[in-house]
Amino acid sequence: MNTRFSACPSLTGALLLALRLTAAESPPAMTGDRIPVGEGTWIVHPVQHATFALGWNDKVLYVDPVGATERFARLPRPDLVLITDIHGDHFNLDTLHAVCRETTRLVAPPAVAERLPEELRSRTTVLTNGQVTKVLDFTIEAVPMYNLTPDRLRYHPRGRGNGYVVAAGSSRVYISGDTEDIPEMRRLRDIHIAFVCMNLPYTMTVEQAADAVRAFRPRIVYPYHYRGSDVERFGRLVEQQGGIEVRIRDWYRP
């Protein structure tokens, strides 16, 4: 919201400037889909491809922030950043330096943590697949993400990257990272919101993604990391089973 100041004899120039600076420095409000769940409300804000922001009550979480910093200008800065993998569409030091505050915490797999400068590494919780940590208001479990198909194994070997299950209150959010329809995904339970990737040759087909989603049955699923994929078909395949809401959003706007 733009705050306008009218000229007023009782306001000195210095006071007027101070008021303008205060308004300019006020953090922007978190915008996006609002999903009330139990003790709070999740806000989902797609940024681009694999990058998005989540709000939970008064906390802001970024997932894989990369790309031009202008994309984050209308978002509040993050309290927590999750990084899934070393690839450039998930991990970029310049973007991290630009968006993080001095108090921002990070969670990352070892392969990412070893590439961080000490200033960021000192604020990073390193998780391998299967490990769980508590950061701020969130309980975070690192879950596997990897390729299964022989000709895709070189893209994401098992154990290098992390998907995540983020729990806040009684709600659970699943972030797939770059993966195929692995058994660990299919065994997930009690997921309120899921973010599931799909694109070839790096992750999985629309059909694989839909079949996996039908297996673990989140309440709401967002296809993301889907460049070149038919997400409308994904939606039709998932909704054939019923009981799962598919939310298709634009992750590739200019």
# chains A, B, ... in the order shown; residues from 1 in each chain; ligands from 1
>>> select_by_dssp(residues="region 95-233 of chain A", states="helix (DSSP H, G or I)", output="ChimeraX atom specification")
/A:95-99,110-113,118-121,150-152,183-186,206-216,231-233
>>> write_last_selection(atoms="N, CA, C and O atoms", output="tab-separated table (two decimals), in the first residue's frame")
chain	number	residue	atom	x	y	z
A	95	THR	N	21.63	-14.80	-4.37
A	95	THR	CA	20.25	-14.60	-3.94
A	95	THR	C	20.13	-14.75	-2.42
A	95	THR	O	19.44	-13.96	-1.76
A	96	LEU	N	20.80	-15.75	-1.86
A	96	LEU	CA	20.75	-15.92	-0.41
A	96	LEU	C	21.25	-14.69	0.32
A	96	LEU	O	20.64	-14.22	1.28
A	97	HIS	N	22.38	-14.15	-0.11
A	97	HIS	CA	22.91	-12.95	0.52
A	97	HIS	C	21.93	-11.79	0.40
A	97	HIS	O	21.80	-10.98	1.33
A	98	ALA	N	21.24	-11.71	-0.71
A	98	ALA	CA	20.34	-10.58	-0.94
A	98	ALA	C	19.06	-10.67	-0.11
A	98	ALA	O	18.56	-9.65	0.37
A	99	VAL	N	18.52	-11.88	0.07
A	99	VAL	CA	17.20	-11.98	0.71
A	99	VAL	C	17.26	-12.24	2.21
A	99	VAL	O	16.32	-11.93	2.93
A	110	PRO	N	24.11	-31.71	3.63
A	110	PRO	CA	25.56	-31.48	3.70
A	110	PRO	C	26.17	-30.98	2.40
A	110	PRO	O	27.07	-30.12	2.43
A	111	ALA	N	25.71	-31.48	1.25
A	111	ALA	CA	26.29	-31.07	-0.02
A	111	ALA	C	26.10	-29.59	-0.28
A	111	ALA	O	26.93	-28.95	-0.96
A	112	VAL	N	25.02	-29.01	0.23
A	112	VAL	CA	24.81	-27.56	0.12
A	112	VAL	C	25.59	-26.83	1.20
A	112	VAL	O	26.26	-25.82	0.93
A	113	ALA	N	25.53	-27.32	2.43
A	113	ALA	CA	26.18	-26.63	3.55
A	113	ALA	C	27.68	-26.43	3.31
A	113	ALA	O	28.24	-25.39	3.67
A	118	GLU	N	31.15	-19.06	5.69
A	118	GLU	CA	31.02	-19.27	7.13
A	118	GLU	C	29.89	-18.46	7.73
A	118	GLU	O	29.18	-18.93	8.63
A	119	GLU	N	29.68	-17.24	7.24
A	119	GLU	CA	28.64	-16.38	7.82
A	119	GLU	C	27.26	-17.03	7.70
A	119	GLU	O	26.44	-16.93	8.61
A	120	LEU	N	26.99	-17.70	6.57
A	120	LEU	CA	25.73	-18.41	6.41
A	120	LEU	C	25.78	-19.80	7.02
A	120	LEU	O	24.81	-20.28	7.60
A	121	ARG	N	26.94	-20.44	6.92
A	121	ARG	CA	27.08	-21.80	7.46
A	121	ARG	C	26.84	-21.81	8.97
A	121	ARG	O	26.26	-22.77	9.52
A	150	PRO	N	16.89	-45.60	-14.63
A	150	PRO	CA	18.32	-45.71	-14.91
A	150	PRO	C	18.93	-44.54	-15.65
A	150	PRO	O	20.01	-44.06	-15.29
A	151	ASP	N	18.25	-44.03	-16.68
A	151	ASP	CA	18.86	-42.94	-17.44
A	151	ASP	C	18.71	-41.58	-16.77
A	151	ASP	O	19.13	-40.56	-17.32
A	152	ARG	N	18.10	-41.54	-15.57
A	152	ARG	CA	18.00	-40.28	-14.82
A	152	ARG	C	18.81	-40.30	-13.53
A	152	ARG	O	18.85	-39.30	-12.81
A	183	PRO	N	9.47	-44.70	-3.09
A	183	PRO	CA	8.65	-45.33	-2.04
A	183	PRO	C	8.46	-44.45	-0.82
A	183	PRO	O	7.38	-44.47	-0.20
A	184	GLU	N	9.48	-43.66	-0.46
A	184	GLU	CA	9.37	-42.80	0.72
A	184	GLU	C	8.29	-41.74	0.55
A	184	GLU	O	7.65	-41.35	1.52
A	185	MET	N	8.08	-41.28	-0.67
A	185	MET	CA	6.99	-40.34	-0.93
A	185	MET	C	5.65	-41.04	-0.80
A	185	MET	O	4.72	-40.54	-0.17
A	186	ARG	N	5.55	-42.21	-1.38
A	186	ARG	CA	4.29	-42.94	-1.35
A	186	ARG	C	3.86	-43.32	0.06
A	186	ARG	O	2.67	-43.48	0.33
A	206	VAL	N	4.27	-36.54	-15.49
A	206	VAL	CA	2.99	-36.17	-14.91
A	206	VAL	C	2.28	-37.40	-14.35
A	206	VAL	O	1.69	-37.38	-13.27
A	207	GLU	N	2.34	-38.51	-15.09
A	207	GLU	CA	1.67	-39.73	-14.66
A	207	GLU	C	2.29	-40.28	-13.38
A	207	GLU	O	1.57	-40.73	-12.47
A	208	GLN	N	3.63	-40.28	-13.30
A	208	GLN	CA	4.29	-40.73	-12.07
A	208	GLN	C	3.89	-39.86	-10.88
A	208	GLN	O	3.60	-40.36	-9.79
A	209	ALA	N	3.91	-38.55	-11.09
A	209	ALA	CA	3.59	-37.63	-10.01
A	209	ALA	C	2.15	-37.83	-9.53
A	209	ALA	O	1.88	-37.87	-8.32
A	210	ALA	N	1.23	-37.97	-10.46
A	210	ALA	CA	-0.18	-38.14	-10.09
A	210	ALA	C	-0.38	-39.46	-9.35
A	210	ALA	O	-1.13	-39.52	-8.36
A	211	ASP	N	0.29	-40.52	-9.79
A	211	ASP	CA	0.14	-41.82	-9.14
A	211	ASP	C	0.67	-41.76	-7.71
A	211	ASP	O	0.06	-42.32	-6.79
A	212	ALA	N	1.81	-41.08	-7.51
A	212	ALA	CA	2.36	-40.95	-6.16
A	212	ALA	C	1.43	-40.14	-5.25
A	212	ALA	O	1.20	-40.50	-4.09
A	213	VAL	N	0.88	-39.07	-5.78
A	213	VAL	CA	-0.03	-38.23	-4.99
A	213	VAL	C	-1.27	-39.02	-4.60
A	213	VAL	O	-1.75	-38.91	-3.46
A	214	ARG	N	-1.78	-39.82	-5.51
A	214	ARG	CA	-2.95	-40.64	-5.17
A	214	ARG	C	-2.61	-41.66	-4.08
A	214	ARG	O	-3.49	-42.09	-3.33
A	215	ALA	N	-1.32	-42.02	-3.96
A	215	ALA	CA	-0.91	-42.99	-2.94
A	215	ALA	C	-0.85	-42.35	-1.55
A	215	ALA	O	-1.30	-42.94	-0.57
A	216	PHE	N	-0.28	-41.13	-1.44
A	216	PHE	CA	-0.13	-40.57	-0.09
A	216	PHE	C	-1.22	-39.56	0.28
A	216	PHE	O	-1.32	-39.14	1.43
A	231	VAL	N	0.32	-29.73	-16.60
A	231	VAL	CA	-0.21	-29.75	-15.24
A	231	VAL	C	-1.73	-29.91	-15.22
A	231	VAL	O	-2.28	-30.40	-14.22
A	232	GLU	N	-2.40	-29.51	-16.28
A	232	GLU	CA	-3.84	-29.75	-16.34
A	232	GLU	C	-4.13	-31.25	-16.37
A	232	GLU	O	-5.08	-31.72	-15.72
A	233	ARG	N	-3.33	-31.99	-17.10
A	233	ARG	CA	-3.49	-33.45	-17.10
A	233	ARG	C	-3.19	-34.02	-15.71
A	233	ARG	O	-3.90	-34.91	-15.24
>>> closest_atom_pairs(of="region 160-244 of chain A", to="region 45-57 of chain A", cutoff="7 Å", atoms="only C-alpha atoms", output="tab-separated table")
residue	atom	partner	partner_atom	distance
A:Tyr224	CA	A:His49	CA	6.3
A:His225	CA	A:His49	CA	4.6
A:Tyr226	CA	A:His49	CA	7.0
>>> write_last_selection(atoms="C-alpha atoms", output="mmCIF file, in the first residue's frame")
data_model
loop_
_atom_site.group_PDB
_atom_site.id
_atom_site.type_symbol
_atom_site.label_atom_id
_atom_site.label_comp_id
_atom_site.auth_asym_id
_atom_site.auth_seq_id
_atom_site.Cartn_x
_atom_site.Cartn_y
_atom_site.Cartn_z
ATOM 1 C CA TYR A 224 5.610 -27.016 -9.018
ATOM 2 C CA HIS A 225 8.979 -27.352 -10.761
ATOM 3 C CA TYR A 226 6.869 -28.336 -13.774
#
>>> select_by_dssp(residues="region 102-144 of chain A", states="strand (DSSP E)", output="list in words")
Arg105, Leu106, Val107, Ala108, Thr124, Thr125, Val126, Val132, Thr133, Lys134, Val135, Phe138, Thr139, Ile140, Glu141, Ala142 and Val143 of chain A
>>> residues_around(residues="Tyr164 (chain A)", least_positions_apart="3", cutoff="9 Å", atoms="only C-alpha atoms", output="short mmCIF file (atom, residue, chain, number, x, y, z; two decimals) with N, CA and C atoms, in the first residue's frame")
data_model
loop_
_atom_site.label_atom_id
_atom_site.label_comp_id
_atom_site.auth_asym_id
_atom_site.auth_seq_id
_atom_site.Cartn_x
_atom_site.Cartn_y
_atom_site.Cartn_z
N LEU A 82 14.80 -23.02 3.53
CA LEU A 82 15.08 -24.42 3.26
C LEU A 82 15.71 -24.55 1.89
N THR A 84 17.10 -27.46 -0.90
CA THR A 84 16.96 -28.89 -1.17
C THR A 84 18.17 -29.52 -1.83
N ILE A 140 11.11 -29.92 11.39
CA ILE A 140 11.48 -30.16 10.00
C ILE A 140 12.15 -31.52 9.88
N GLU A 141 11.59 -32.35 9.03
CA GLU A 141 12.17 -33.66 8.74
C GLU A 141 12.72 -33.66 7.32
N ALA A 142 13.98 -34.07 7.18
CA ALA A 142 14.57 -34.22 5.86
C ALA A 142 14.18 -35.59 5.31
N VAL A 143 13.55 -35.60 4.16
CA VAL A 143 13.11 -36.85 3.55
C VAL A 143 13.85 -37.05 2.24
N PRO A 144 13.99 -38.29 1.79
CA PRO A 144 14.75 -38.54 0.56
C PRO A 144 14.13 -37.88 -0.67
N VAL A 173 3.38 -30.07 5.99
CA VAL A 173 3.57 -29.64 4.61
C VAL A 173 4.74 -30.43 4.01
N TYR A 174 4.53 -31.01 2.84
CA TYR A 174 5.55 -31.80 2.16
C TYR A 174 6.09 -31.02 0.97
N ILE A 175 7.42 -30.95 0.88
CA ILE A 175 8.12 -30.30 -0.23
C ILE A 175 8.98 -31.38 -0.88
N SER A 176 8.67 -31.73 -2.12
CA SER A 176 9.29 -32.92 -2.70
C SER A 176 10.75 -32.74 -3.06
N GLY A 177 11.17 -31.50 -3.40
CA GLY A 177 12.47 -31.36 -4.04
C GLY A 177 12.44 -32.09 -5.37
#
>>> residues_around(residues="His156 (chain A)", least_positions_apart="4", cutoff="12 Å", atoms="only C-alpha atoms", output="list in words")
Thr84, Asp85, Ile86, His87, Ala111, Pro144, Met145, Tyr146, Asn147, Leu148, Thr149, Pro150, Asp151, Arg152, Arg160, Gly161, Asn162, Gly163, Gly177, Asp178, Thr179, Glu180, Pro201, Tyr202, Thr203 and Met204 of chain A
>>> atom_distance(atom1="CA of Val44 (chain A)", atom2="CA of Thr31 (chain A)")
7.6 Å
>>> closest_residue(among="A:Thr104, A:Ile193, A:Asn199, A:Arg217", to="Arg247 (chain A)", atoms="only C-alpha atoms")
A:Ile193
>>> residues_around(residues="Thr139 (chain A)", least_positions_apart="5", cutoff="6 Å", atoms="only C-alpha atoms", output="PyMOL selection string")
chain A and resi 133-134+166-167
>>> write_last_selection(atoms="all heavy atoms", output="tab-separated table (two decimals), in the first residue's frame")
chain	number	residue	atom	x	y	z
A	133	THR	N	14.73	-31.83	12.96
A	133	THR	CA	15.17	-30.73	13.81
A	133	THR	C	13.99	-29.82	14.13
A	133	THR	O	12.97	-29.85	13.44
A	133	THR	CB	16.29	-29.92	13.14
A	133	THR	OG1	16.88	-29.02	14.07
A	133	THR	CG2	15.76	-29.11	11.95
A	134	LYS	N	14.15	-29.02	15.14
A	134	LYS	CA	13.15	-27.99	15.49
A	134	LYS	C	13.82	-26.63	15.30
A	134	LYS	O	14.86	-26.34	15.89
A	134	LYS	CB	12.70	-28.15	16.95
A	134	LYS	CG	11.64	-27.16	17.40
A	134	LYS	CD	10.30	-27.44	16.76
A	134	LYS	CE	9.23	-26.47	17.25
A	134	LYS	NZ	8.70	-26.80	18.58
A	166	VAL	N	7.51	-30.25	6.74
A	166	VAL	CA	7.53	-29.15	7.70
A	166	VAL	C	6.24	-29.22	8.51
A	166	VAL	O	5.14	-29.13	7.96
A	166	VAL	CB	7.63	-27.79	6.99
A	166	VAL	CG1	7.64	-26.65	8.00
A	166	VAL	CG2	8.87	-27.74	6.11
A	167	ALA	N	6.38	-29.39	9.82
A	167	ALA	CA	5.22	-29.46	10.70
A	167	ALA	C	5.13	-28.18	11.52
A	167	ALA	O	6.12	-27.70	12.07
A	167	ALA	CB	5.32	-30.66	11.63
>>> atom_distance(atom1="CA of Arg219 (chain A)", atom2="CA of Gln240 (chain A)")
14.4 Å
>>> residues_around(residues="Leu106 (chain A)", least_positions_apart="5", cutoff="10 Å", atoms="only C-alpha atoms", output="compact mmCIF listing (two decimals) with N, CA, C and O atoms, in the first residue's frame")
# COMPACT_ATOMS: atom_id res chain seq x y z
N LEU A 61 8.88 -18.40 5.56
CA LEU A 61 9.82 -19.43 5.16
C LEU A 61 10.00 -19.37 3.65
O LEU A 61 9.02 -19.31 2.91
N TYR A 62 11.25 -19.36 3.17
CA TYR A 62 11.54 -19.44 1.75
C TYR A 62 12.05 -20.85 1.43
O TYR A 62 12.83 -21.42 2.19
N VAL A 63 11.64 -21.37 0.28
CA VAL A 63 12.16 -22.64 -0.22
C VAL A 63 12.97 -22.36 -1.48
O VAL A 63 12.48 -21.75 -2.43
N PRO A 78 12.81 -13.64 4.91
CA PRO A 78 12.50 -14.90 5.57
C PRO A 78 13.08 -15.01 6.98
O PRO A 78 14.18 -14.52 7.26
N ASP A 79 12.34 -15.69 7.83
CA ASP A 79 12.86 -16.13 9.12
C ASP A 79 13.64 -17.42 8.96
O ASP A 79 14.56 -17.70 9.73
N LEU A 80 13.26 -18.21 7.96
CA LEU A 80 13.86 -19.52 7.74
C LEU A 80 13.94 -19.80 6.25
O LEU A 80 13.01 -19.47 5.50
N VAL A 81 15.04 -20.40 5.81
CA VAL A 81 15.23 -20.80 4.42
C VAL A 81 15.53 -22.29 4.38
O VAL A 81 16.40 -22.79 5.10
N LEU A 82 14.80 -23.02 3.53
CA LEU A 82 15.08 -24.42 3.26
C LEU A 82 15.71 -24.55 1.89
O LEU A 82 15.20 -23.99 0.91
N ILE A 83 16.81 -25.29 1.80
CA ILE A 83 17.48 -25.54 0.52
C ILE A 83 17.50 -27.04 0.30
O ILE A 83 17.87 -27.81 1.19
N LEU A 96 20.80 -15.75 -1.86
CA LEU A 96 20.75 -15.92 -0.41
C LEU A 96 21.25 -14.69 0.32
O LEU A 96 20.64 -14.22 1.28
N CYS A 100 18.36 -12.82 2.69
CA CYS A 100 18.42 -13.20 4.10
C CYS A 100 18.70 -12.00 5.00
O CYS A 100 19.48 -11.11 4.63
N ALA A 113 25.53 -27.32 2.43
CA ALA A 113 26.18 -26.63 3.55
C ALA A 113 27.68 -26.43 3.31
O ALA A 113 28.24 -25.39 3.67
N LEU A 120 26.99 -17.70 6.57
CA LEU A 120 25.73 -18.41 6.41
C LEU A 120 25.78 -19.80 7.02
O LEU A 120 24.81 -20.28 7.60
N ARG A 121 26.94 -20.44 6.92
CA ARG A 121 27.08 -21.80 7.46
C ARG A 121 26.84 -21.81 8.97
O ARG A 121 26.26 -22.77 9.52
N SER A 122 27.23 -20.74 9.67
CA SER A 122 27.07 -20.71 11.12
C SER A 122 25.60 -20.65 11.54
O SER A 122 25.27 -20.93 12.69
N ARG A 123 24.72 -20.30 10.60
CA ARG A 123 23.29 -20.21 10.91
C ARG A 123 22.50 -21.34 10.27
O ARG A 123 21.27 -21.28 10.19
N THR A 124 23.22 -22.36 9.80
CA THR A 124 22.59 -23.45 9.05
C THR A 124 22.53 -24.72 9.89
O THR A 124 23.53 -25.15 10.47
N THR A 125 21.36 -25.33 9.93
CA THR A 125 21.20 -26.67 10.49
C THR A 125 21.34 -27.66 9.35
O THR A 125 20.60 -27.59 8.36
N VAL A 126 22.30 -28.56 9.48
CA VAL A 126 22.58 -29.53 8.42
C VAL A 126 21.83 -30.82 8.72
O VAL A 126 21.98 -31.40 9.81
N VAL A 135 13.22 -25.81 14.44
CA VAL A 135 13.73 -24.46 14.18
C VAL A 135 12.56 -23.49 14.26
O VAL A 135 11.56 -23.66 13.54
>>> atom_distance(atom1="CA of Met198 (chain A)", atom2="CA of Arg227 (chain A)")
7.9 Å
>>> closest_residue(among="A:Leu136, A:Ala73, A:Leu127, A:Ala68", to="Thr103 (chain A)", atoms="only C-alpha atoms")
A:Leu136
